[in-house]
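Next comes data31.txt, a file with compact mmCIF, C-alpha atoms.
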```txt
# COMPACT_ATOMS: atom_id res chain seq x y z
CA MET A 1 152.50 -46.55 112.18
CA ASN A 2 150.79 -49.31 110.23
CA LYS A 3 152.69 -49.56 106.97
CA ASN A 4 150.06 -51.71 105.34
CA SER A 5 147.12 -49.41 105.93
CA ASN A 6 145.52 -48.04 102.80
CA ILE A 7 146.04 -44.42 103.80
CA TYR A 8 149.76 -44.93 104.36
CA GLN A 9 150.15 -46.61 100.97
CA ILE A 10 148.22 -43.98 99.08
CA VAL A 11 150.02 -41.10 100.78
CA TYR A 12 153.38 -42.85 100.30
CA ALA A 13 152.77 -43.41 96.59
CA ALA A 14 151.47 -39.88 96.04
CA VAL A 15 154.36 -38.21 97.83
CA MET A 16 156.89 -40.41 96.07
CA VAL A 17 155.50 -39.69 92.62
CA LEU A 18 155.29 -35.97 93.41
CA LEU A 19 158.90 -35.84 94.59
CA VAL A 20 160.21 -37.84 91.66
CA GLY A 21 158.14 -35.78 89.24
CA MET A 22 159.50 -32.55 90.67
CA ALA A 23 163.05 -33.85 90.54
CA LEU A 24 162.68 -34.91 86.91
CA ALA A 25 161.04 -31.64 85.92
CA PHE A 26 163.83 -29.72 87.61
CA VAL A 27 166.57 -31.76 85.90
CA TYR A 28 164.82 -31.36 82.55
CA MET A 29 164.37 -27.60 82.86
CA ALA A 30 167.89 -27.08 84.14
CA LEU A 31 169.49 -29.04 81.33
CA LYS A 32 167.16 -28.05 78.48
CA PRO A 33 169.14 -25.05 77.12
CA LYS A 34 172.32 -27.11 76.95
CA GLN A 35 170.48 -29.99 75.27
CA ASP A 36 168.95 -27.70 72.65
CA VAL A 37 172.37 -26.41 71.71
CA ASN A 38 173.61 -29.99 71.40
CA ILE A 39 170.65 -31.02 69.27
CA ALA A 40 171.09 -28.07 66.88
CA ASN A 41 174.81 -28.78 66.63
CA ASP A 42 174.12 -32.42 65.98
CA LYS A 43 171.83 -31.45 63.12
CA ARG A 44 174.54 -29.16 61.72
CA SER A 45 177.15 -31.89 61.91
CA GLN A 46 174.81 -34.31 60.11
CA ILE A 47 174.34 -31.79 57.31
CA LEU A 48 178.11 -31.27 57.13
CA SER A 49 178.63 -35.03 57.11
CA ALA A 50 176.43 -35.31 54.00
CA LEU A 51 178.91 -32.91 52.40
CA HIS A 52 181.87 -35.06 53.61
CA ILE A 53 182.96 -32.29 55.97
CA VAL A 54 183.94 -32.90 59.56
CA ALA A 55 184.22 -29.90 61.87
CA PRO A 56 187.66 -29.77 63.53
CA SER A 57 186.10 -29.75 66.99
CA GLU A 58 182.70 -29.68 68.63
CA GLU A 59 182.96 -25.96 69.40
CA GLN A 60 183.63 -25.13 65.78
CA ILE A 61 180.58 -26.87 64.34
CA PRO A 62 178.48 -23.64 64.06
CA ALA A 63 181.34 -21.71 62.44
CA THR A 64 182.10 -24.52 59.98
CA TYR A 65 178.42 -24.83 59.18
CA ASP A 66 178.07 -21.10 58.50
CA LYS A 67 181.11 -21.21 56.25
CA TYR A 68 179.78 -23.91 53.92
CA VAL A 69 176.01 -23.54 54.05
CA THR A 70 175.59 -20.27 52.23
CA ARG A 71 171.87 -19.98 51.61
CA ASP A 72 168.64 -21.42 53.01
CA LEU A 73 165.85 -21.97 50.49
CA LEU A 74 162.23 -22.99 50.62
CA ILE A 75 160.88 -24.11 47.27
CA ASP A 76 157.39 -24.89 46.01
CA ARG A 77 156.22 -27.95 44.08
CA GLU A 78 157.19 -26.39 40.79
CA GLY A 79 160.75 -25.93 41.97
CA ASN A 80 160.55 -22.15 42.37
CA ILE A 81 162.27 -20.47 45.28
CA ILE A 82 159.64 -18.91 47.53
CA ASP A 83 161.69 -17.97 50.56
CA SER A 84 165.38 -17.51 51.19
CA THR A 85 165.60 -15.79 54.56
CA GLU A 86 168.34 -16.82 56.94
CA ASN A 87 168.00 -20.27 58.58
CA VAL A 88 164.51 -20.75 57.12
CA ALA A 89 165.35 -24.23 55.79
CA PHE A 90 167.44 -25.22 58.80
CA GLU A 91 164.57 -24.57 61.16
CA VAL A 92 162.01 -26.71 59.32
CA GLU A 93 161.09 -29.58 61.63
CA MET A 94 160.89 -32.56 59.31
CA SER A 95 159.03 -34.76 61.79
CA LYS A 96 156.06 -32.35 61.69
CA ASN A 97 156.52 -31.16 58.13
CA ILE A 98 156.32 -34.65 56.64
CA LYS A 99 152.85 -35.23 58.10
CA LEU A 100 151.26 -32.29 56.29
CA SER A 101 149.53 -32.71 52.95
CA ASP A 102 151.68 -32.19 49.86
CA ASP A 103 150.29 -28.70 49.25
CA ASN A 104 150.85 -27.46 52.79
CA ARG A 105 154.31 -28.92 53.16
CA GLN A 106 157.48 -26.93 53.10
CA TYR A 107 160.30 -28.08 50.86
CA PRO A 108 163.60 -26.97 52.39
CA VAL A 109 166.90 -26.92 50.51
CA LEU A 110 170.28 -25.87 51.88
CA GLU A 111 172.54 -24.34 49.25
CA CYS A 112 176.17 -25.01 50.06
CA THR A 113 179.36 -23.66 48.53
CA MET A 114 182.37 -25.94 48.70
CA ASP A 115 186.03 -24.93 48.94
CA ASP A 116 186.43 -25.18 45.15
CA GLY A 117 183.42 -22.90 44.62
CA SER A 118 181.09 -25.65 43.38
CA LYS A 119 177.50 -25.62 44.66
CA LYS A 120 175.81 -28.55 46.42
CA TYR A 121 172.18 -28.77 47.47
CA VAL A 122 171.40 -30.55 50.74
CA ILE A 123 167.86 -31.88 51.14
CA PRO A 124 166.55 -33.18 54.47
CA ILE A 125 164.63 -36.47 54.29
CA TYR A 126 162.52 -38.24 56.89
CA GLY A 127 160.91 -41.68 57.10
CA ALA A 128 160.25 -44.77 59.17
CA GLY A 129 162.62 -47.57 60.11
CA LEU A 130 161.75 -50.72 62.02
CA TRP A 131 161.30 -49.30 65.55
CA GLY A 132 161.00 -45.59 65.00
CA PRO A 133 161.76 -42.66 62.73
CA ILE A 134 164.84 -42.47 60.54
CA TRP A 135 166.04 -39.32 58.84
CA GLY A 136 168.93 -38.02 56.86
CA TYR A 137 170.41 -35.43 54.55
CA VAL A 138 171.18 -35.95 50.88
CA ALA A 139 173.64 -33.64 49.15
CA VAL A 140 172.96 -33.33 45.43
CA ASN A 141 175.52 -32.07 42.91
CA ALA A 142 174.83 -28.92 40.91
CA ASP A 143 174.08 -31.12 37.87
CA GLY A 144 170.77 -32.00 39.59
CA ARG A 145 171.27 -35.71 38.88
CA THR A 146 173.97 -37.28 40.99
CA ILE A 147 174.31 -37.61 44.74
CA TYR A 148 177.35 -35.98 46.30
CA GLY A 149 176.92 -37.52 49.73
CA ALA A 150 174.35 -38.78 52.20
CA ASP A 151 174.03 -38.99 55.96
CA PHE A 152 171.46 -41.07 57.84
CA SER A 153 170.41 -41.10 61.49
CA HIS A 154 167.83 -43.00 63.48
CA ALA A 155 166.00 -42.81 66.77
CA SER A 156 165.86 -46.41 67.89
CA GLU A 157 167.00 -48.93 65.29
CA THR A 158 168.61 -52.16 66.55
CA PRO A 159 172.29 -51.61 67.38
CA GLY A 160 174.56 -53.58 65.08
CA LEU A 161 171.76 -54.15 62.56
CA GLY A 162 169.47 -51.29 61.48
CA ALA A 163 171.58 -48.78 63.39
CA ARG A 164 174.35 -49.43 60.87
CA ILE A 165 172.71 -47.01 58.44
CA THR A 166 174.69 -44.36 60.35
CA GLU A 167 177.96 -46.03 59.35
CA GLU A 168 180.29 -44.52 56.80
CA SER A 169 180.50 -47.74 54.78
CA PHE A 170 176.75 -47.75 54.15
CA GLN A 171 176.47 -44.03 53.40
CA GLN A 172 179.51 -44.05 51.12
CA GLN A 173 177.66 -46.33 48.69
CA PHE A 174 175.33 -43.49 47.69
CA VAL A 175 178.12 -41.25 46.43
CA ASP A 176 177.92 -40.55 42.68
CA LYS A 177 174.72 -42.54 42.23
CA ASN A 178 172.44 -41.10 39.58
CA MET A 179 168.86 -40.46 40.70
CA PHE A 180 167.60 -40.07 37.13
CA VAL A 181 167.12 -42.68 34.45
CA ASP A 182 166.90 -40.89 31.12
CA ASN A 183 164.85 -37.90 32.17
CA ASP A 184 162.72 -39.49 34.86
CA PHE A 185 163.34 -39.33 38.57
CA LYS A 186 163.83 -42.88 39.92
CA SER A 187 165.61 -42.25 43.24
CA VAL A 188 168.29 -44.68 44.45
CA SER A 189 167.08 -48.02 45.79
CA VAL A 190 168.51 -50.08 48.63
CA MET A 191 168.48 -53.73 47.57
CA LYS A 192 169.40 -57.07 49.09
CA LYS A 193 172.61 -58.47 47.65
CA GLY A 194 171.95 -60.14 44.32
CA GLN A 195 168.67 -58.33 43.64
CA LYS A 196 168.00 -55.49 41.26
CA PRO A 197 165.27 -52.85 41.39
CA THR A 198 162.46 -53.38 38.92
CA ASN A 199 162.18 -49.71 37.90
CA GLY A 200 165.71 -49.64 36.53
CA SER A 201 167.04 -47.19 39.12
CA GLU A 202 170.56 -47.29 40.44
CA TYR A 203 170.95 -49.16 43.73
CA VAL A 204 173.13 -49.82 46.76
CA ASP A 205 173.53 -52.90 48.99
CA ALA A 206 171.21 -53.31 51.96
CA ILE A 207 172.44 -54.20 55.44
CA SER A 208 172.20 -57.94 56.10
CA GLY A 209 169.83 -58.72 58.94
CA ALA A 210 168.18 -55.29 58.71
CA THR A 211 165.75 -55.74 55.85
CA ILE A 212 163.04 -53.42 57.15
CA THR A 213 165.37 -50.56 58.04
CA SER A 214 167.07 -50.88 54.64
CA ARG A 215 163.73 -50.84 52.91
CA GLY A 216 162.81 -47.80 55.05
CA VAL A 217 165.82 -45.90 53.75
CA SER A 218 164.86 -46.79 50.20
CA THR A 219 161.27 -45.63 50.66
CA MET A 220 162.34 -42.48 52.48
CA MET A 221 164.68 -41.52 49.65
CA GLU A 222 162.03 -42.05 47.04
CA ASN A 223 159.13 -40.37 48.88
CA CYS A 224 160.99 -37.30 50.04
CA LEU A 225 163.11 -36.63 46.98
CA ALA A 226 160.36 -37.22 44.41
CA ALA A 227 158.77 -33.88 45.37
CA TYR A 228 161.99 -32.17 44.37
CA GLU A 229 161.93 -33.50 40.79
CA PRO A 230 160.98 -30.09 39.29
CA PHE A 231 163.75 -28.50 41.34
CA PHE A 232 166.27 -31.06 40.08
CA LYS A 233 165.14 -30.46 36.50
CA LYS A 234 165.72 -26.73 36.97
CA LEU A 235 169.21 -27.50 38.20
CA GLN A 236 169.77 -29.67 35.13
CA ASP A 237 168.74 -26.83 32.80
CA SER A 238 170.68 -24.50 35.10
CA SER A 239 167.69 -22.19 35.04
CA LEU A 240 167.68 -21.60 38.77
CA MET B 1 185.23 -51.18 104.40
CA LEU B 2 185.46 -54.59 102.79
CA SER B 3 184.72 -57.23 105.38
CA LYS B 4 184.77 -60.88 104.31
CA LYS B 5 181.02 -60.84 103.83
CA ASN B 6 181.07 -57.67 101.75
CA LYS B 7 183.84 -59.10 99.59
CA GLU B 8 181.64 -62.09 98.86
CA VAL B 9 178.75 -59.77 98.01
CA LEU B 10 180.98 -57.98 95.51
CA LEU B 11 182.82 -60.96 94.00
CA ASN B 12 180.30 -63.81 94.02
CA PRO B 13 178.22 -62.38 91.14
CA LEU B 14 181.30 -62.42 88.91
CA SER B 15 181.24 -66.22 88.64
CA LYS B 16 179.52 -68.46 91.23
CA ASP B 17 176.38 -66.34 91.41
CA ASN B 18 176.60 -64.66 88.02
CA PRO B 19 173.30 -62.94 87.12
CA VAL B 20 173.32 -64.18 83.53
CA LEU B 21 174.92 -67.62 83.87
CA VAL B 22 173.46 -68.78 87.19
CA GLN B 23 170.49 -66.57 88.01
CA ILE B 24 169.54 -66.45 84.30
CA LEU B 25 168.49 -62.79 84.55
CA GLY B 26 168.86 -60.09 81.92
CA ILE B 27 168.92 -62.56 79.04
CA CYS B 28 166.82 -60.33 76.77
CA SER B 29 169.31 -57.48 76.68
CA THR B 30 172.15 -59.96 76.40
CA LEU B 31 170.63 -61.05 73.11
CA ALA B 32 169.90 -57.54 71.89
CA VAL B 33 173.12 -55.62 72.38
CA THR B 34 175.86 -58.18 71.74
CA VAL B 35 176.18 -57.89 67.98
CA SER B 36 179.33 -55.83 68.48
CA MET B 37 181.64 -54.94 71.35
CA GLU B 38 181.07 -51.22 71.67
CA PRO B 39 177.35 -51.16 72.51
CA ALA B 40 177.91 -54.13 74.83
CA VAL B 41 180.49 -52.22 76.86
CA VAL B 42 178.42 -49.02 76.95
CA MET B 43 175.37 -50.98 78.03
CA GLY B 44 177.42 -52.72 80.73
CA ILE B 45 178.64 -49.43 82.19
CA ALA B 46 175.13 -47.96 82.16
CA VAL B 47 173.69 -51.01 83.94
CA ILE B 48 176.43 -50.94 86.59
CA ALA B 49 175.69 -47.27 87.35
CA VAL B 50 171.90 -47.60 87.49
CA LEU B 51 172.03 -50.87 89.43
CA ALA B 52 174.41 -49.52 92.07
CA PHE B 53 172.47 -46.31 92.67
CA SER B 54 169.00 -47.82 92.64
CA ASN B 55 170.22 -50.47 95.10
CA VAL B 56 171.47 -47.72 97.42
CA ILE B 57 168.28 -45.66 97.20
CA ILE B 58 165.98 -48.61 97.78
CA SER B 59 168.16 -49.77 100.65
CA LEU B 60 167.99 -46.29 102.25
CA ILE B 61 164.19 -46.14 102.13
CA ARG B 62 163.61 -49.88 102.67
CA SER B 63 162.09 -49.52 106.12
CA THR B 64 159.44 -47.08 104.90
CA ILE B 65 158.26 -48.98 101.80
CA PRO B 66 154.81 -50.60 102.17
CA THR B 67 155.18 -54.25 101.11
CA SER B 68 152.21 -54.36 98.78
CA ILE B 69 153.41 -51.52 96.54
CA ARG B 70 157.15 -52.20 96.76
CA ILE B 71 157.45 -53.22 93.08
CA ILE B 72 155.93 -49.90 92.01
CA VAL B 73 158.30 -48.01 94.28
CA GLN B 74 161.25 -49.89 92.79
CA LEU B 75 160.09 -49.20 89.24
CA VAL B 76 159.66 -45.49 89.91
CA VAL B 77 163.14 -45.23 91.40
CA VAL B 78 164.75 -47.14 88.53
CA ALA B 79 162.88 -45.23 85.83
CA ALA B 80 163.66 -41.87 87.44
CA LEU B 81 167.36 -42.73 87.71
CA VAL B 82 167.54 -43.85 84.10
CA ILE B 83 165.84 -40.68 82.88
CA ILE B 84 168.16 -38.47 84.93
CA VAL B 85 171.21 -40.30 83.58
CA GLN B 86 169.87 -39.87 80.05
CA GLN B 87 169.19 -36.15 80.53
CA PHE B 88 172.69 -35.55 81.85
CA LEU B 89 174.20 -37.46 78.96
CA MET B 90 172.16 -35.43 76.48
CA ALA B 91 173.43 -32.21 78.02
CA TYR B 92 177.06 -33.10 78.58
CA ASN B 93 177.91 -35.95 76.24
CA TYR B 94 175.52 -35.93 73.32
CA GLU B 95 177.48 -38.48 71.27
CA VAL B 96 177.25 -41.16 73.95
CA SER B 97 173.61 -40.36 74.59
CA LYS B 98 172.87 -40.99 70.92
CA GLN B 99 174.47 -44.43 71.18
CA LEU B 100 172.69 -45.13 74.45
CA SER B 101 169.24 -43.95 73.43
CA VAL B 102 167.84 -47.36 72.62
CA PHE B 103 169.43 -49.04 75.64
CA ILE B 104 167.73 -46.74 78.12
CA GLY B 105 164.41 -48.55 77.78
CA LEU B 106 166.21 -51.86 78.00
CA ILE B 107 167.81 -50.84 81.30
CA ILE B 108 164.44 -50.10 82.92
CA THR B 109 163.11 -53.50 81.92
CA ASN B 110 166.32 -55.36 82.74
CA CYS B 111 165.31 -58.14 85.12
CA ILE B 112 168.64 -57.95 86.95
CA LEU B 113 167.58 -54.60 88.40
CA MET B 114 164.28 -55.81 89.83
CA GLY B 115 165.91 -59.08 90.83
CA ARG B 116 168.62 -57.43 92.88
CA LEU B 117 166.31 -54.83 94.41
CA GLU B 118 163.91 -57.56 95.54
CA ALA B 119 166.48 -60.10 96.64
CA PHE B 120 169.11 -57.87 98.16
CA ALA B 121 168.50 -54.15 98.59
CA LEU B 122 165.20 -54.59 100.45
CA ASN B 123 166.93 -56.55 103.23
CA ASN B 124 170.38 -55.03 103.44
CA ARG B 125 172.15 -51.86 104.44
CA PRO B 126 173.20 -49.29 101.78
CA TRP B 127 176.93 -50.10 101.59
CA PRO B 128 176.54 -53.86 100.96
CA SER B 129 173.71 -53.01 98.56
CA PHE B 130 176.03 -50.70 96.65
CA LEU B 131 178.65 -53.46 96.41
CA ASP B 132 175.99 -55.95 95.34
CA GLY B 133 174.95 -53.58 92.54
CA ILE B 134 178.52 -53.11 91.35
CA GLY B 135 179.21 -56.86 91.54
CA ASN B 136 176.10 -57.91 89.64
CA GLY B 137 176.60 -55.17 87.07
CA LEU B 138 180.16 -56.36 86.49
CA GLY B 139 179.08 -59.98 86.27
CA TYR B 140 176.53 -59.00 83.64
CA THR B 141 179.05 -56.87 81.73
CA ILE B 142 181.62 -59.68 81.61
CA ILE B 143 179.17 -62.07 79.95
CA LEU B 144 177.98 -59.35 77.56
CA VAL B 145 181.54 -58.64 76.47
CA ILE B 146 182.42 -62.32 76.01
CA VAL B 147 179.32 -62.95 73.89
CA ALA B 148 179.85 -59.74 71.90
CA PHE B 149 183.50 -60.66 71.27
CA PHE B 150 182.63 -63.96 69.61
CA ARG B 151 179.65 -62.57 67.71
CA GLU B 152 181.54 -59.59 66.34
CA LEU B 153 184.67 -61.61 65.53
CA LEU B 154 182.87 -64.41 63.70
CA GLY B 155 180.00 -62.31 62.35
CA SER B 156 181.83 -59.23 61.10
CA GLY B 157 185.52 -60.16 61.36
CA THR B 158 186.17 -57.16 63.61
CA VAL B 159 186.71 -56.39 67.31
CA PHE B 160 185.66 -52.93 68.56
CA GLY B 161 185.21 -52.03 64.89
CA PHE B 162 188.83 -52.83 63.97
CA GLN B 163 189.40 -55.41 61.27
CA VAL B 164 190.99 -58.45 62.92
CA ILE B 165 190.64 -61.17 60.32
CA PRO B 166 193.21 -60.32 57.62
CA GLN B 167 192.22 -59.72 54.03
CA TRP B 168 194.08 -62.78 52.71
CA CYS B 169 191.66 -65.03 54.60
CA TYR B 170 188.82 -63.51 52.58
CA ASP B 171 190.91 -63.82 49.42
CA HIS B 172 191.22 -67.56 50.11
CA GLY B 173 187.49 -68.04 50.45
CA TYR B 174 186.78 -67.24 54.12
CA GLU B 175 183.37 -65.66 54.68
CA ASN B 176 181.93 -63.86 57.70
CA ASN B 177 179.24 -65.97 59.32
CA GLY B 178 176.07 -63.91 58.82
CA LEU B 179 174.21 -66.18 61.23
CA MET B 180 176.32 -64.85 64.13
CA ILE B 181 174.78 -61.39 63.94
CA LEU B 182 171.24 -62.74 64.19
CA PRO B 183 169.64 -63.05 67.66
CA PRO B 184 169.45 -66.88 67.83
CA MET B 185 173.23 -67.16 67.85
CA ALA B 186 173.40 -64.96 70.96
CA LEU B 187 171.26 -67.53 72.73
CA ILE B 188 173.46 -70.38 71.53
CA THR B 189 176.62 -68.50 72.50
CA VAL B 190 175.24 -67.84 76.00
CA ALA B 191 174.28 -71.51 76.26
CA CYS B 192 177.83 -72.55 75.31
CA ILE B 193 179.25 -70.23 77.98
CA ILE B 194 176.84 -71.66 80.57
CA TRP B 195 177.91 -75.16 79.51
CA VAL B 196 181.61 -74.38 79.99
CA HIS B 197 180.87 -72.57 83.26
CA ARG B 198 178.85 -75.48 84.70
CA ALA B 199 181.46 -78.00 83.57
CA ARG B 200 184.10 -76.09 85.55
CA ASN B 201 181.88 -75.49 88.61
CA THR B 202 180.44 -78.91 89.36
CA GLU B 203 178.66 -77.70 92.51
CA LEU B 204 176.34 -75.62 90.30
CA GLN B 205 175.08 -78.61 88.32
CA GLU B 206 171.49 -79.58 88.94
CA ASN B 207 170.58 -83.26 89.08
```

Before we go any further, please render this structure as structure tokens.
Amino acid sequence: MNKNSNIYQIVYAAVMVLLVGMALAFVYMALKPKQDVNIANDKRSQILSALHIVAPSEEQIPATYDKYVTRDLLIDREGNIIDSTENVAFEVEMSKNIKLSDDNRQYPVLECTMDDGSKKYVIPIYGAGLWGPIWGYVAVNADGRTIYGADFSHASETPGLGARITEESFQQQFVDKNMFVDNDFKSVSVMKKGQKPTNGSEYVDAISGATITSRGVSTMMENCLAAYEPFFKKLQDSSL
Amino acid sequence: MLSKKNKEVLLNPLSKDNPVLVQILGICSTLAVTVSMEPAVVMGIAVIAVLAFSNVIISLIRSTIPTSIRIIVQLVVVAALVIIVQQFLMAYNYEVSKQLSVFIGLIITNCILMGRLEAFALNNRPWPSFLDGIGNGLGYTIILVIVAFFRELLGSGTVFGFQVIPQWCYDHGYENNGLMILPPMALITVACIIWVHRARNTELQEN
């Protein structure tokens, strides 16, 4: 057979792509259920990590999550609770949710009860890094002002540079930072060493060599958390 | 199993025919993933696996591939393999797949893969092709690890994330060299390694 004839090439390419496509589709479908479980567990462990909790083993992540996260809330822009059915906040897909207009968006909050009985409120945040999306979870103390813990993840930031937002040492800086100056929400800024934010907010050190990712975290915090200001104020007056 | 010729195929890429130092392939990923040791090692393992298997597959079907679309065939095989590896990792080892995510794209575009498929797998039987893949992957990994070692040690004072430079050095005014974690220093580090390597292997020096 003439291997360089047009028909041979076209048939060869078509058959090859068909076979490879079928193989990939099969692998994807076969592994999808297992992957979905992993992805949901990963989300749970990120939320737990914002609360400084590590599940004892991978299998126990769902149980540990259910133990600490006691209530799922959706709030409106005035800070009122509009929905508190089971898993309603957990199932909000932030990547889609963030694109909607402010009025159509959902504002999920996870109410958590710690071992000592204190309440923490975990808020999912979502933004852009240098190469792709970054997201995270911020746990706010019941005083509605200070951050209890934060956890950040990313899709494709540069390893060793922007990807370091997932490291403990970076996330630990946010602990106990106050998001309010007097009675105004100012968020917490991420600043290059030696610089200070102009709006007087509290700040943490950026990652050297990862200016854009650091700035992305700063913007993400401010954009996503600002909508929760009325909710925070309600927490402060403990009128929730 | 390992005739003299096959041994050469496996061992030559480690030094005399090293893909990074001598063939100057795969430089881009060498710059990107060598800020610290861990991603460098993970990347190395992933490249070894994909390189070995794509070499075998291309070698098996080499007599059927039409010459004018061989690059496309190679790309499809490499991309499919990488995606399958990624899917399996996501299902069975999610933690590693999270670390690997960004490297996956880099593996598909790694010039070593295309280089070896073109230069070796298309003209050789599956077993030598497999050894060639392992050898070149190892040669690449060695350089990655050496570069990452120096960059992480001098740039962050750690190796594999463990603090190596003691605290009293910092107390006496030692500072981590921030320049080491920026991409240009990877290029300079690779150049230094090539320099040392050429100085020791005079037959490789060009006139």

Original post:
Could you write out as a PyMOL selection string the residues of chain B within 6 Å of chain A, counting only C-alpha atoms?
Top reply: chain B and resi 35+66+90-91+102

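Minimum atom-to-atom distance to A:Thr213, evaluated using only C-alpha atoms, belongs to A:Thr166 out of A:Asn141, A:Thr166, A:Asn178, A:Lys120.
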
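From atom CA of A:Tyr107 back to atom CA of A:Cys224, the distance works out to 9.3 Å.
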
Box for stretch 13-21 of chain A: with edges along x, y and z, all listed atoms inside and 6 Å added on each side, what are the centre and edge lengths in Å to one decimal, as lines of an AutoDock Vina configuration file?
```
center_x = 155.8
center_y = -39.6
center_z = 93.5
size_x = 20.7
size_y = 19.6
size_z = 20.6
```

Original post:
Do you know which residues are at most 10 Å from B:Leu60 counting all atoms listed in the file, after dropping those on the same chain fewer than 2 positions away, and could you put them as a ChimeraX atom specification?
Top reply: /B:54-58,62-64,121-122,124-127,129

**OP:** Compile the contact shell of A:Ser49 as number ranges by chain: residues with an atom at most 8 Å away, counting all atoms listed in the file, same-chain residues fewer than 5 positions apart removed.
**Re:** A: 54, 149-151

Subject >> Spatial neighbours of B:Val47, 8 Å, only C-alpha atoms, chain gap at least 3 places, as a PyMOL selection string >> reply: chain B and resi 43-44+50-51+107+137

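One distance worth recording is that between atom CA of A:Ile165 and atom CA of A:Val188, which is 14.9 Å.
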
Original post:
What separation in Å, quoted to one decimal, exists between atom CA of A:Ile125 and atom CA of A:Tyr137?
Top reply: 5.9 Å

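Among the candidates B:Ser29, B:Ser36, B:Asn93, B:Asn177, the one nearest to A:Arg164 when counting all atoms listed in the file is B:Ser36.
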
**OP:** Could you give me, as a PyMOL selection string, the residues within 8 Å of stretch 192-201 of chain B, counting only C-alpha atoms and dropping anything in the same chain fewer than 5 positions from it?
**Re:** chain B and resi 16+21-22
